[in-house]
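Scroll down for the structure; my scribbles are underneath it.
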Amino acid sequence: MAGLRGIKDATAIVGIGQTPFAKRLDEDERTLACRAVLAALDDAGIAPGEVDALASFTMEETDEVELAKAVGFGDLTFFSKVGYGGGGSCATVAHLATAIASGQATVGVAWRSRKRGSGPRPWTNTTVQLPTPAQWTRPFGLLRPADEIAMLTRRYMHEYGATRDHLFNVALACRNRANQNPAAVMYDRPLTREMYMTSRWISEPLCLFDNCLETDGALACVVVSSERARDCRRRPVHIHSAAQGLPAQHHGMVNYWNDDPLTGPAWTAARHLWKHADLTPEDVDVAQIYDAFTALIPLSLEGYGFCGRGEGGAFTEGGALEIGGRLPVNTAGGGLSEAYVHGFNLITEGVKQLRGTSTAQVPGAATCLVTAGEGVPTSALLLTNRS
């Protein structure tokens with residue numbers, strides 16, 4: 001496969017699609033996947049029979065064979081899956097970009113279909129053997145991702161003075177943008193500081209509003225070469241840089257085998273992302289930062305270089321994450337307030353921002369950072385609308 005250096009601006013996202021988001025949708029995951037993929041192809045003006053590459057998550061229940069038959073794809077010459085749940089979202093697009101830039105394929109589709117709102121929680125399955133990392137956490141009470149991130153959050157607050165007000169700033173920015181987005185689950189539900197501060201604990205210090213939604217829904221995007229993108233139906237959004245990150249001796253979300261548990265995968269991904277880019281954090285107009293939990297945004301702000309070590313909490317002050325602030329984030333509401341579909345909605349919102357079609361448009365946005373899950377092996381995209 002072509003190196004990441006070889007994909008710079010060589011490919012573009014030309015189509016996006018999504019189903020409605022809700023706590024419960026009647027259709028199964030395969031049907032939702034087909035609807036999202038067909039919507040994305042229609043958005044691009046590309047026929048299903050032209051698709052020859054697919055990328056998805058290892059946790060995706062709809063496999064390539066099912067999707068290809070149901071939608072009517074042609075011969076597939078590339079297909080891949082990316083692990084680690086929310087850490088894999090941006091990597092699916094990066095895999096397609098690499099395949100297309102290296103000539104292995106011409107039209108790629110990445111997707112995520114999930115019924116998490118109405119489906120089971122993965123950690124409730126007691127019939128399977130625990131993976132090795134979980135054997136060192138779950139017997140001692142860290143049962144859910146929320147429990148693991150709560151431990152990291154408490155350490156972050158202790159070491160750097162971050163407060164619940166800083167976490168509220170994150171939750172509020174996401175909710176404010178969702179209140180502008182009719183497709184968001186929380187569209188008609190404003191959030192106040194009093195609501196936040198008096199809500200029930202999920203895993204202290206994380207309260208109800210520090211946790212992402214549980215959502216049914218599906219999303220997809222279409223990737224082609226930048227040359228072909230000029231002839232597609234929509235304004236292309238170029239993939240300027242992409243990266244994955246798995247630090248040495250990483251141990252899942254708890255990360256306590258490292259000397260510094262707060263230096264997560266974002267730091268590794270960021271070094272490679274900026275190394276292969278002509279841009280810097282100062283050039284980013286808007287960011288879609290993975291927000292399964294509020295604390296992940298301050299940690300990611302530091303990892304991707306928007307502020308110094310330990311300054312992520314303070315960065316959120318003064319409306320910095322709002323439209324017109326230092327770095328508007330999650331402008332459709334993110335996982336906290338639009339929908340939680342393993343972060344794929346952050347990719348589609350990044351495309352909308354650079355097309356100029358977001359419900360909370362950042363004026364003149366030309367560059368968008370999209371990140372996948374911090375705390376797990378992760379990935380990131382740097383998107384631009386400059387051809």
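Letters A, B, ... mark the chains of the structure tokens in the order given; residue numbers begin at 1 per chain; ligand numbers begin at 1, in order shown.
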Q: Just the residues within 8 Å of stretch 238-248 of chain A, please, counting only C-alpha atoms, with nothing from its chain fewer than 6 positions along; format it as JSON, numbers by chain.
A: {"A": [4, 5, 7, 8, 9, 10, 11, 12, 13, 90, 91, 94, 97, 226, 264, 265, 266, 267, 268, 269, 270, 272, 273, 274, 276, 277, 376, 377, 378, 379, 380, 381, 382, 383, 384, 385, 386, 387]}
**Q.** Who sits within 7 Å of stretch 54-60 of chain A, only C-alpha atoms, same chain under 6 positions skipped, as a PyMOL selection string
**A.** chain A and resi 78-83+85+88+92+95-96+108-113
Q: To one decimal in Å, tell me the separation between atom CA of A:Glu322 and atom CA of A:Ala171.
A: 10.9 Å
Q) Near stretch 193-204 of chain A, within 12 Å and counting only C-alpha atoms, which residues show up once chain neighbours fewer than 6 positions away are dropped, as a ChimeraX atom specification? A) /A:141-155,157,163-173,175,210-212,293
Can I get the selected residues back with C-alpha atoms, as a PDB file, in the first residue's frame?
ATOM      1  CA  GLY A 141     -14.989  -2.893  39.280  1.00  0.00           C
ATOM      2  CA  LEU A 142     -14.021  -1.215  36.013  1.00  0.00           C
ATOM      3  CA  LEU A 143     -16.872  -2.858  34.127  1.00  0.00           C
ATOM      4  CA  ARG A 144     -17.726  -0.279  31.462  1.00  0.00           C
ATOM      5  CA  PRO A 145     -15.812   2.202  29.322  1.00  0.00           C
ATOM      6  CA  ALA A 146     -17.317   4.929  31.526  1.00  0.00           C
ATOM      7  CA  ASP A 147     -15.601   3.442  34.578  1.00  0.00           C
ATOM      8  CA  GLU A 148     -12.229   3.321  32.854  1.00  0.00           C
ATOM      9  CA  ILE A 149     -12.444   6.876  31.532  1.00  0.00           C
ATOM     10  CA  ALA A 150     -13.675   8.052  34.934  1.00  0.00           C
ATOM     11  CA  MET A 151     -10.407   6.852  36.456  1.00  0.00           C
ATOM     12  CA  LEU A 152      -8.363   8.725  33.843  1.00  0.00           C
ATOM     13  CA  THR A 153     -10.541  11.806  34.341  1.00  0.00           C
ATOM     14  CA  ARG A 154      -9.979  11.789  38.093  1.00  0.00           C
ATOM     15  CA  ARG A 155      -6.227  11.604  37.561  1.00  0.00           C
ATOM     16  CA  MET A 157      -8.336  16.592  37.480  1.00  0.00           C
ATOM     17  CA  THR A 163     -12.789  20.838  36.974  1.00  0.00           C
ATOM     18  CA  ARG A 164     -16.360  19.769  36.333  1.00  0.00           C
ATOM     19  CA  ASP A 165     -16.940  23.258  34.929  1.00  0.00           C
ATOM     20  CA  HIS A 166     -14.442  22.435  32.192  1.00  0.00           C
ATOM     21  CA  LEU A 167     -16.289  19.215  31.422  1.00  0.00           C
ATOM     22  CA  PHE A 168     -19.551  21.149  31.377  1.00  0.00           C
ATOM     23  CA  ASN A 169     -18.070  23.533  28.803  1.00  0.00           C
ATOM     24  CA  VAL A 170     -17.565  20.540  26.519  1.00  0.00           C
ATOM     25  CA  ALA A 171     -21.034  19.125  27.092  1.00  0.00           C
ATOM     26  CA  LEU A 172     -22.627  22.541  26.563  1.00  0.00           C
ATOM     27  CA  ALA A 173     -20.807  23.263  23.301  1.00  0.00           C
ATOM     28  CA  ARG A 175     -25.495  20.393  23.063  1.00  0.00           C
ATOM     29  CA  ASP A 210     -20.474  13.518  30.408  1.00  0.00           C
ATOM     30  CA  ASN A 211     -21.461  10.327  28.595  1.00  0.00           C
ATOM     31  CA  CYS A 212     -22.347   9.810  24.938  1.00  0.00           C
ATOM     32  CA  PHE A 293     -16.959  11.183  27.136  1.00  0.00           C
TER      33      PHE A 293
END
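Between A:Cys207 and the residues A:Thr294, A:Ile323, A:Val341, A:Gly117, the shortest atom-to-atom distance, using only C-alpha atoms, involves A:Thr294.
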Q.
Just want the 9 Å neighbourhood of A:Val71, counted on only C-alpha atoms, with same-chain residues fewer than 5 positions away dropped. Output as number ranges by chain.
A. A: 34-35, 37-38, 48-49, 66
(Q) Applying 9 Å and only C-alpha atoms, which residues near A:Tyr187 remain after dropping the ones on its own chain fewer than 5 positions away? List them as number ranges by chain. (A) A: 175-182, 333, 337-338
Written selection (N, CA, C and O atoms) as a PDB file, in the first residue's frame:
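What ended up in again_8.pdb:
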ATOM      1  N   ARG A 175     -24.037  20.291  23.019  1.00  0.00           N
ATOM      2  CA  ARG A 175     -25.495  20.393  23.063  1.00  0.00           C
ATOM      3  C   ARG A 175     -25.985  21.631  22.309  1.00  0.00           C
ATOM      4  O   ARG A 175     -27.022  21.569  21.624  1.00  0.00           O
ATOM      5  N   ASN A 176     -25.275  22.735  22.419  1.00  0.00           N
ATOM      6  CA  ASN A 176     -25.681  23.940  21.692  1.00  0.00           C
ATOM      7  C   ASN A 176     -25.698  23.707  20.188  1.00  0.00           C
ATOM      8  O   ASN A 176     -26.585  24.197  19.480  1.00  0.00           O
ATOM      9  N   ARG A 177     -24.731  22.959  19.687  1.00  0.00           N
ATOM     10  CA  ARG A 177     -24.699  22.675  18.254  1.00  0.00           C
ATOM     11  C   ARG A 177     -25.804  21.681  17.880  1.00  0.00           C
ATOM     12  O   ARG A 177     -26.406  21.792  16.821  1.00  0.00           O
ATOM     13  N   ALA A 178     -26.088  20.734  18.745  1.00  0.00           N
ATOM     14  CA  ALA A 178     -27.192  19.809  18.485  1.00  0.00           C
ATOM     15  C   ALA A 178     -28.526  20.539  18.447  1.00  0.00           C
ATOM     16  O   ALA A 178     -29.420  20.164  17.671  1.00  0.00           O
ATOM     17  N   ASN A 179     -28.646  21.579  19.241  1.00  0.00           N
ATOM     18  CA  ASN A 179     -29.881  22.362  19.250  1.00  0.00           C
ATOM     19  C   ASN A 179     -30.100  23.128  17.954  1.00  0.00           C
ATOM     20  O   ASN A 179     -31.188  23.657  17.707  1.00  0.00           O
ATOM     21  N   GLN A 180     -29.079  23.186  17.100  1.00  0.00           N
ATOM     22  CA  GLN A 180     -29.192  23.782  15.772  1.00  0.00           C
ATOM     23  C   GLN A 180     -29.387  22.738  14.671  1.00  0.00           C
ATOM     24  O   GLN A 180     -29.566  23.107  13.513  1.00  0.00           O
ATOM     25  N   ASN A 181     -29.330  21.460  15.041  1.00  0.00           N
ATOM     26  CA  ASN A 181     -29.291  20.371  14.068  1.00  0.00           C
ATOM     27  C   ASN A 181     -30.558  19.520  14.181  1.00  0.00           C
ATOM     28  O   ASN A 181     -30.677  18.701  15.093  1.00  0.00           O
ATOM     29  N   PRO A 182     -31.487  19.653  13.261  1.00  0.00           N
ATOM     30  CA  PRO A 182     -32.739  18.888  13.354  1.00  0.00           C
ATOM     31  C   PRO A 182     -32.543  17.370  13.341  1.00  0.00           C
ATOM     32  O   PRO A 182     -33.423  16.639  13.806  1.00  0.00           O
ATOM     33  N   GLY A 333     -23.192  18.307  17.053  1.00  0.00           N
ATOM     34  CA  GLY A 333     -23.570  17.813  18.365  1.00  0.00           C
ATOM     35  C   GLY A 333     -22.719  16.663  18.863  1.00  0.00           C
ATOM     36  O   GLY A 333     -22.723  16.340  20.049  1.00  0.00           O
ATOM     37  N   SER A 337     -24.379  14.596  21.831  1.00  0.00           N
ATOM     38  CA  SER A 337     -25.702  15.197  21.633  1.00  0.00           C
ATOM     39  C   SER A 337     -26.322  15.000  20.254  1.00  0.00           C
ATOM     40  O   SER A 337     -27.510  15.243  20.100  1.00  0.00           O
ATOM     41  N   GLU A 338     -25.563  14.601  19.243  1.00  0.00           N
ATOM     42  CA  GLU A 338     -26.194  14.277  17.957  1.00  0.00           C
ATOM     43  C   GLU A 338     -26.537  12.791  17.909  1.00  0.00           C
ATOM     44  O   GLU A 338     -27.702  12.401  17.853  1.00  0.00           O
TER      45      GLU A 338
END
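If you look at atom CA of A:Leu346 and atom CA of A:Thr331, they are 8.7 Å away from each other.
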Q: as a ChimeraX atom specification, please: all residues of stretch 264-383 of chain A that backbone DSSP puts in strand (DSSP E).
A: /A:286-288,367-371,378-383
Keeping C-alpha atoms for every residue in the selection just given, could you write it to a file as a PDB file, in the first residue's frame?
ATOM      1  CA  VAL A 286     -13.056  23.625  12.965  1.00  0.00           C
ATOM      2  CA  ALA A 287     -12.598  20.256  14.670  1.00  0.00           C
ATOM      3  CA  GLN A 288     -14.731  17.172  15.129  1.00  0.00           C
ATOM      4  CA  THR A 367      -9.650  22.921   7.141  1.00  0.00           C
ATOM      5  CA  CYS A 368     -11.173  20.416   9.565  1.00  0.00           C
ATOM      6  CA  LEU A 369      -9.548  17.955  11.938  1.00  0.00           C
ATOM      7  CA  VAL A 370     -11.537  14.787  12.621  1.00  0.00           C
ATOM      8  CA  THR A 371     -10.398  12.429  15.369  1.00  0.00           C
ATOM      9  CA  THR A 378      -6.976   5.614  17.333  1.00  0.00           C
ATOM     10  CA  SER A 379      -6.929   7.431  14.006  1.00  0.00           C
ATOM     11  CA  ALA A 380      -7.397  10.925  12.596  1.00  0.00           C
ATOM     12  CA  LEU A 381      -8.040  12.805   9.369  1.00  0.00           C
ATOM     13  CA  LEU A 382      -7.083  16.285   8.276  1.00  0.00           C
ATOM     14  CA  LEU A 383      -9.622  17.433   5.678  1.00  0.00           C
TER      15      LEU A 383
END
Q) Closest to A:Met186 among A:Pro261, A:Pro298, A:Gly335, A:Gly356, using only C-alpha atoms? A)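 Of all the options, A:Gly335 lies closest to A:Met186.
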Q: Write out as a VMD selection string the residues lying within 8 Å of A:Ala162, counting only C-alpha atoms and excluding same-chain residues fewer than 5 positions away.
A: chain A and resid 156 to 157 313 to 314
May I have the residues from that selection written out with N, CA and C atoms, as a PDB file, in the first residue's frame?
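New file out11.pdb:
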ATOM      1  N   TYR A 156      -6.595  13.168  35.753  1.00  0.00           N
ATOM      2  CA  TYR A 156      -6.395  14.427  35.026  1.00  0.00           C
ATOM      3  C   TYR A 156      -6.787  15.622  35.894  1.00  0.00           C
ATOM      4  N   MET A 157      -7.893  15.512  36.594  1.00  0.00           N
ATOM      5  CA  MET A 157      -8.336  16.592  37.480  1.00  0.00           C
ATOM      6  C   MET A 157      -7.341  16.796  38.622  1.00  0.00           C
ATOM      7  N   GLY A 313      -8.224  21.637  29.921  1.00  0.00           N
ATOM      8  CA  GLY A 313      -9.380  22.126  30.658  1.00  0.00           C
ATOM      9  C   GLY A 313      -9.540  23.624  30.494  1.00  0.00           C
ATOM     10  N   ALA A 314      -8.471  24.355  30.743  1.00  0.00           N
ATOM     11  CA  ALA A 314      -8.525  25.820  30.626  1.00  0.00           C
ATOM     12  C   ALA A 314      -8.846  26.264  29.203  1.00  0.00           C
TER      13      ALA A 314
END
Q: Please measure the separation of atom CA of A:Thr348 and atom CA of A:Ile16, giving the value in Å to one decimal.
A: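 Taking atom CA of A:Thr348 as the start and atom CA of A:Ile16 as the end point, the length is 6.2 Å.
Restricting the calculation to only C-alpha atoms, the smallest distance between A:Glu349 and any of A:Gly334, A:Phe140, A:Glu61, A:Asp231 is found for A:Gly334.
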Q) Nearest to A:Gly375 among A:Arg235, A:Arg355, A:His250, A:Arg189, with distances taken over only C-alpha atoms: which residue is it? A) A:His250
Q: Give me every helix (DSSP H, G or I) residue in stretch 168-329 of chain A, going by DSSP on the backbone, as an MDAnalysis selection string.
A: chainID A and resid 168:178 193:198 208:210 226:229 265:275 281:283 296:303 312:315 317:319
